[in-house]
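Here's the structure, in structure tokens; my notes come after.
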Amino acid sequence: MLADVLATDRPLLVRHQQQFFVPFLVDYPETAFGGDFPTPADYQDPFVQQLIADNGWAIWPLIPFHFDTPDRDLDHPAPSPPTKRHWLGTDDQSRDVMARLLHGFRLSTVFGLLLAIFTSLIGVVVGLMQGYFGGRIDLIGQRLIELWGAIPQLYVLLIIASIIVPGFFTLLFILVLFGWTGLVGVIRAETLKVRQYDYVKAARVLGASHWRVMRVHVLPNALVSTLTLMPFILAGSLVALTSLDFLGFGLPPGSPSLGEVLNQGYRNLQAPWLGISSFAITSAILILMVFIGEGVRDAFDPNLAKVSEA
């Protein structure tokens with residue numbers, strides 16, 4: 001979440017002529033530092049840097065490059081190898097790979113979390129209704145899910161990509177449309193089992209509404225299966241975005257994407273740092289997400305809580 005603080009082409013704090021400036025949050029004109037033009041200051045310009053140094057100081061971020069900032073002072077032709085200036089080298093457009101991976105890490109994580117949350121919500125609601133009511137609702141729902149699941153997702157993305165440029169929310173919407181069906185079967189089976197329990201039947205006899213029975217008595221048991229599958233849903237979401245970006249059907253060109261860095265590594269085999277770094281960060285994300293998901297599942301598992309108390 002702090003990628004814009006750790007990797008940006010603007011100073012975090014500037015002191016100039018007894019005044020303080022925060023360039024990474026506010027656009028300042030060049031004239032604010034004694035320049036000649038009222039346009040936004042280019043802090044990568046040696047002239048602007050000298051203006052600041054002559055009358056104050058600047059605190060730069062850990063990585064003084066944004067994900068789309070080209071380095072115009074490279075000692076080697078792009079893609080350049082790792083150096084002290086660029087820890088993981090640059091890509092074929094002279095952009096810092098570390099900055100792109102850091103911003104891509106944030107983008108992929110947010111995208112995966114949103115996709116996993118939305119698909120799980122829809123899948124839980126549909127599976128809960130099918131399993132609880134059964135009968136015609138279950139039969140019709142299963143047939144509709146089979147028809148919906150037969151639609152080729154990749155072809156739909158190709159058609160949409162040929163009409164409009166896919167963006168963050170466009171991809172999220174499309175993947176949610178086709179991703180929610182994977183959880184319905186598990187929730188439906190769990191609900192079919194739980195609805196036969198005595199306490200569920202007793203709640204119905206005592207006059208509890210269907211909504212209350214599903215929410216209070218059935219849903220907590222069904223959520224155990226959801227939390228068990230959540231790490232794999234999240235990992236699948238990350239892989240889906242990375243794969244689409246690698247194939248060129250994902251985020252718009254120039255976006256900080258792990259799949260785009262992987263694609264550059266594929267197209268520039270003479271620069272192995274591109275493929276190795278993007279593969280390592282993608283693998284690390286998937287492993288961490290699975291471990292975090294398992295920890296969350298164990299934290300909400302009532303059986304493990306009882307064992308720990310004992």
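Following the order of the structure tokens, chains are lettered A, B, ..., residues in each are numbered from 1, and ligands are numbered from 1.
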
Identify, on the basis of only C-alpha atoms, every residue whose closest approach to Asp54 (chain A) does not exceed 12 Å; exclude the query and any residue fewer than 3 positions from it along the same chain; express the result as a list in words.
-> Arg15, His16, Gln17, Phe33, Gly34, Phe47, Val48, Gln49, Gln50, Leu51, Trp57 and Ala58 of chain A

Residues flagged helix (DSSP H, G or I) by DSSP in region 82-227 of chain A, as a ChimeraX atom specification = /A:97-133,135-149,153-163,168-179,181-194,198-205,210-227

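Residues within 12 Å of Ile59 (chain A), counting only C-alpha atoms and excluding same-chain residues fewer than 3 positions away, are Val5, Leu6, Thr8, Asp9, Arg10, Pro11, Leu12, Leu13, Val14, Arg15, His16, Phe20, Phe21, Val22, Pro23, Phe24, Tyr43, Gln49, Ile52, Ala53, Gly56, Leu62, Ile63 and Pro64 of chain A.
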
Name all residues at most 9 Å from Phe118 (chain A) (count only C-alpha atoms; drop same-chain ones fewer than 5 positions away) and give them as a list in words.
-> Leu113, Gly123, Val176 and Trp180 of chain A

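The nearest approach to Lys84 (chain A) among the residues A:Met98, A:Leu234, A:Ile281, A:Met1, with only C-alpha atoms taken into account, belongs to A:Met98.
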
Go through region 55-287 of chain A and collect every residue that DSSP, computed from the backbone, puts in strand (DSSP E); the answer should be as a list in words.
->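 These are the residues in question: Gly56, Trp57, Ala58 and Ile59 of chain A.
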
Tell me which of A:Ser209, A:Thr191, A:Asn268, A:Thr226 sits closest to Leu121 (chain A), counting only C-alpha atoms.
->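 Checking each of A:Ser209, A:Thr191, A:Asn268, A:Thr226 against Leu121 (chain A), counting only C-alpha atoms, the winner is A:Thr226.
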
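Neighbours of region 134-137 of chain A closer than or equal to 10 Å, with only C-alpha atoms counted and sequence neighbours fewer than 5 positions away skipped, come out as Leu128, Met129, Gln142, Arg188, Thr191 and Leu192 of chain A.
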
Which residues, written as a PyMOL selection string, have at least one atom at most 12 Å from Leu288 (chain A), with only C-alpha atoms counted and residues fewer than 4 positions away on the same chain left out?
-> chain A and resi 109+231-232+234-235+238+281-284+292-295

Can you work out which one of A:Gly207, A:Pro220, A:Gly141, A:Gly112 has the shortest atom-to-atom distance to Thr181 (chain A), counting only C-alpha atoms?
-> A:Gly141

Residues at most 9 Å from Leu175 (chain A), counting only C-alpha atoms, excluding those fewer than 2 positions away in the same chain, as a list in words?
-> Leu115, Thr119, Gln153, Thr170, Leu171, Leu172, Phe173, Leu177, Phe178, Gly179, Trp180, Ser237 and Ala240 of chain A

Got time to write the residues from that selection, all heavy atoms, as a tab-separated table (two decimals), in the first residue's frame?
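The resulting result.tsv:
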```
chain	number	residue	atom	x	y	z
A	115	LEU	N	-11.35	-9.73	-6.30
A	115	LEU	CA	-11.93	-10.82	-7.08
A	115	LEU	C	-12.35	-11.98	-6.19
A	115	LEU	O	-13.44	-12.55	-6.35
A	115	LEU	CB	-10.94	-11.29	-8.14
A	115	LEU	CG	-11.41	-12.39	-9.10
A	115	LEU	CD1	-12.68	-11.96	-9.83
A	115	LEU	CD2	-10.30	-12.73	-10.10
A	119	THR	N	-16.36	-12.98	-5.87
A	119	THR	CA	-16.74	-14.31	-6.32
A	119	THR	C	-17.23	-15.17	-5.16
A	119	THR	O	-18.18	-15.95	-5.32
A	119	THR	CB	-15.56	-15.00	-7.02
A	119	THR	OG1	-14.41	-14.98	-6.16
A	119	THR	CG2	-15.22	-14.30	-8.32
A	153	GLN	N	-14.42	-18.39	-21.33
A	153	GLN	CA	-14.05	-17.10	-20.73
A	153	GLN	C	-13.03	-16.36	-21.57
A	153	GLN	O	-13.12	-15.14	-21.75
A	153	GLN	CB	-13.52	-17.35	-19.32
A	153	GLN	CG	-13.03	-16.10	-18.60
A	153	GLN	CD	-12.53	-16.42	-17.20
A	153	GLN	OE1	-12.84	-17.46	-16.65
A	153	GLN	NE2	-11.75	-15.53	-16.63
A	170	THR	N	-12.88	-3.34	-15.52
A	170	THR	CA	-13.44	-4.17	-16.60
A	170	THR	C	-13.02	-5.62	-16.44
A	170	THR	O	-13.84	-6.54	-16.52
A	170	THR	CB	-12.99	-3.64	-17.97
A	170	THR	OG1	-13.32	-2.25	-18.08
A	170	THR	CG2	-13.66	-4.41	-19.09
A	171	LEU	N	-11.72	-5.84	-16.21
A	171	LEU	CA	-11.24	-7.20	-15.98
A	171	LEU	C	-11.85	-7.80	-14.72
A	171	LEU	O	-12.22	-8.99	-14.71
A	171	LEU	CB	-9.71	-7.20	-15.86
A	171	LEU	CG	-8.90	-7.05	-17.15
A	171	LEU	CD1	-7.44	-6.95	-16.82
A	171	LEU	CD2	-9.17	-8.22	-18.08
A	172	LEU	N	-11.96	-6.99	-13.68
A	172	LEU	CA	-12.54	-7.49	-12.43
A	172	LEU	C	-13.98	-7.94	-12.65
A	172	LEU	O	-14.39	-9.01	-12.19
A	172	LEU	CB	-12.47	-6.41	-11.37
A	172	LEU	CG	-13.01	-6.76	-9.98
A	172	LEU	CD1	-12.17	-7.87	-9.35
A	172	LEU	CD2	-13.01	-5.54	-9.07
A	173	PHE	N	-14.75	-7.15	-13.39
A	173	PHE	CA	-16.15	-7.48	-13.65
A	173	PHE	C	-16.27	-8.77	-14.46
A	173	PHE	O	-17.09	-9.65	-14.14
A	173	PHE	CB	-16.82	-6.32	-14.39
A	173	PHE	CG	-18.26	-6.57	-14.77
A	173	PHE	CD1	-19.24	-6.57	-13.80
A	173	PHE	CD2	-18.60	-6.85	-16.09
A	173	PHE	CE1	-20.57	-6.81	-14.15
A	173	PHE	CE2	-19.92	-7.08	-16.43
A	173	PHE	CZ	-20.90	-7.07	-15.46
A	177	LEU	N	-17.81	-12.43	-13.20
A	177	LEU	CA	-18.93	-13.06	-13.89
A	177	LEU	C	-18.71	-14.55	-14.10
A	177	LEU	O	-19.66	-15.34	-14.03
A	177	LEU	CB	-19.16	-12.37	-15.24
A	177	LEU	CG	-19.91	-11.04	-15.23
A	177	LEU	CD1	-20.04	-10.51	-16.66
A	177	LEU	CD2	-21.28	-11.18	-14.58
A	178	PHE	N	-17.47	-14.92	-14.37
A	178	PHE	CA	-17.19	-16.32	-14.68
A	178	PHE	C	-16.54	-17.08	-13.53
A	178	PHE	O	-16.37	-18.29	-13.60
A	178	PHE	CB	-16.27	-16.42	-15.90
A	178	PHE	CG	-16.91	-15.97	-17.18
A	178	PHE	CD1	-16.75	-14.67	-17.62
A	178	PHE	CD2	-17.68	-16.84	-17.92
A	178	PHE	CE1	-17.34	-14.25	-18.81
A	178	PHE	CE2	-18.27	-16.43	-19.10
A	178	PHE	CZ	-18.11	-15.13	-19.55
A	179	GLY	N	-16.16	-16.39	-12.44
A	179	GLY	CA	-15.44	-17.06	-11.37
A	179	GLY	C	-16.28	-17.51	-10.20
A	179	GLY	O	-15.82	-18.32	-9.39
A	180	TRP	N	-17.52	-17.02	-10.08
A	180	TRP	CA	-18.31	-17.33	-8.89
A	180	TRP	C	-18.85	-18.76	-8.89
A	180	TRP	O	-19.23	-19.27	-7.84
A	180	TRP	CB	-19.47	-16.35	-8.77
A	180	TRP	CG	-20.44	-16.39	-9.93
A	180	TRP	CD1	-20.37	-15.66	-11.06
A	180	TRP	CD2	-21.61	-17.20	-10.05
A	180	TRP	NE1	-21.42	-15.96	-11.89
A	180	TRP	CE2	-22.20	-16.90	-11.29
A	180	TRP	CE3	-22.22	-18.15	-9.22
A	180	TRP	CZ2	-23.36	-17.52	-11.73
A	180	TRP	CZ3	-23.37	-18.77	-9.66
A	180	TRP	CH2	-23.94	-18.45	-10.90
A	237	SER	N	-6.93	-16.08	-8.56
A	237	SER	CA	-7.19	-14.73	-9.05
A	237	SER	C	-5.90	-14.04	-9.47
A	237	SER	O	-5.83	-13.38	-10.51
A	237	SER	CB	-7.89	-13.91	-7.96
A	237	SER	OG	-9.09	-14.53	-7.54
A	240	ALA	N	-4.71	-15.58	-12.68
A	240	ALA	CA	-5.53	-15.17	-13.82
A	240	ALA	C	-5.08	-13.80	-14.33
A	240	ALA	O	-4.91	-13.60	-15.55
A	240	ALA	CB	-7.00	-15.13	-13.41
```

Using CA of Tyr266 (chain A) and CA of Ala78 (chain A) as the two end points, give the distance in Å to one decimal.
-> 15.1 Å

Find the residue from A:Thr31, A:Leu88, A:Asp45, A:Phe279 that sits nearest to Asp73 (chain A); use only C-alpha atoms when measuring.
->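 Using only C-alpha atoms, the shortest distance to Asp73 (chain A) belongs to A:Asp45.
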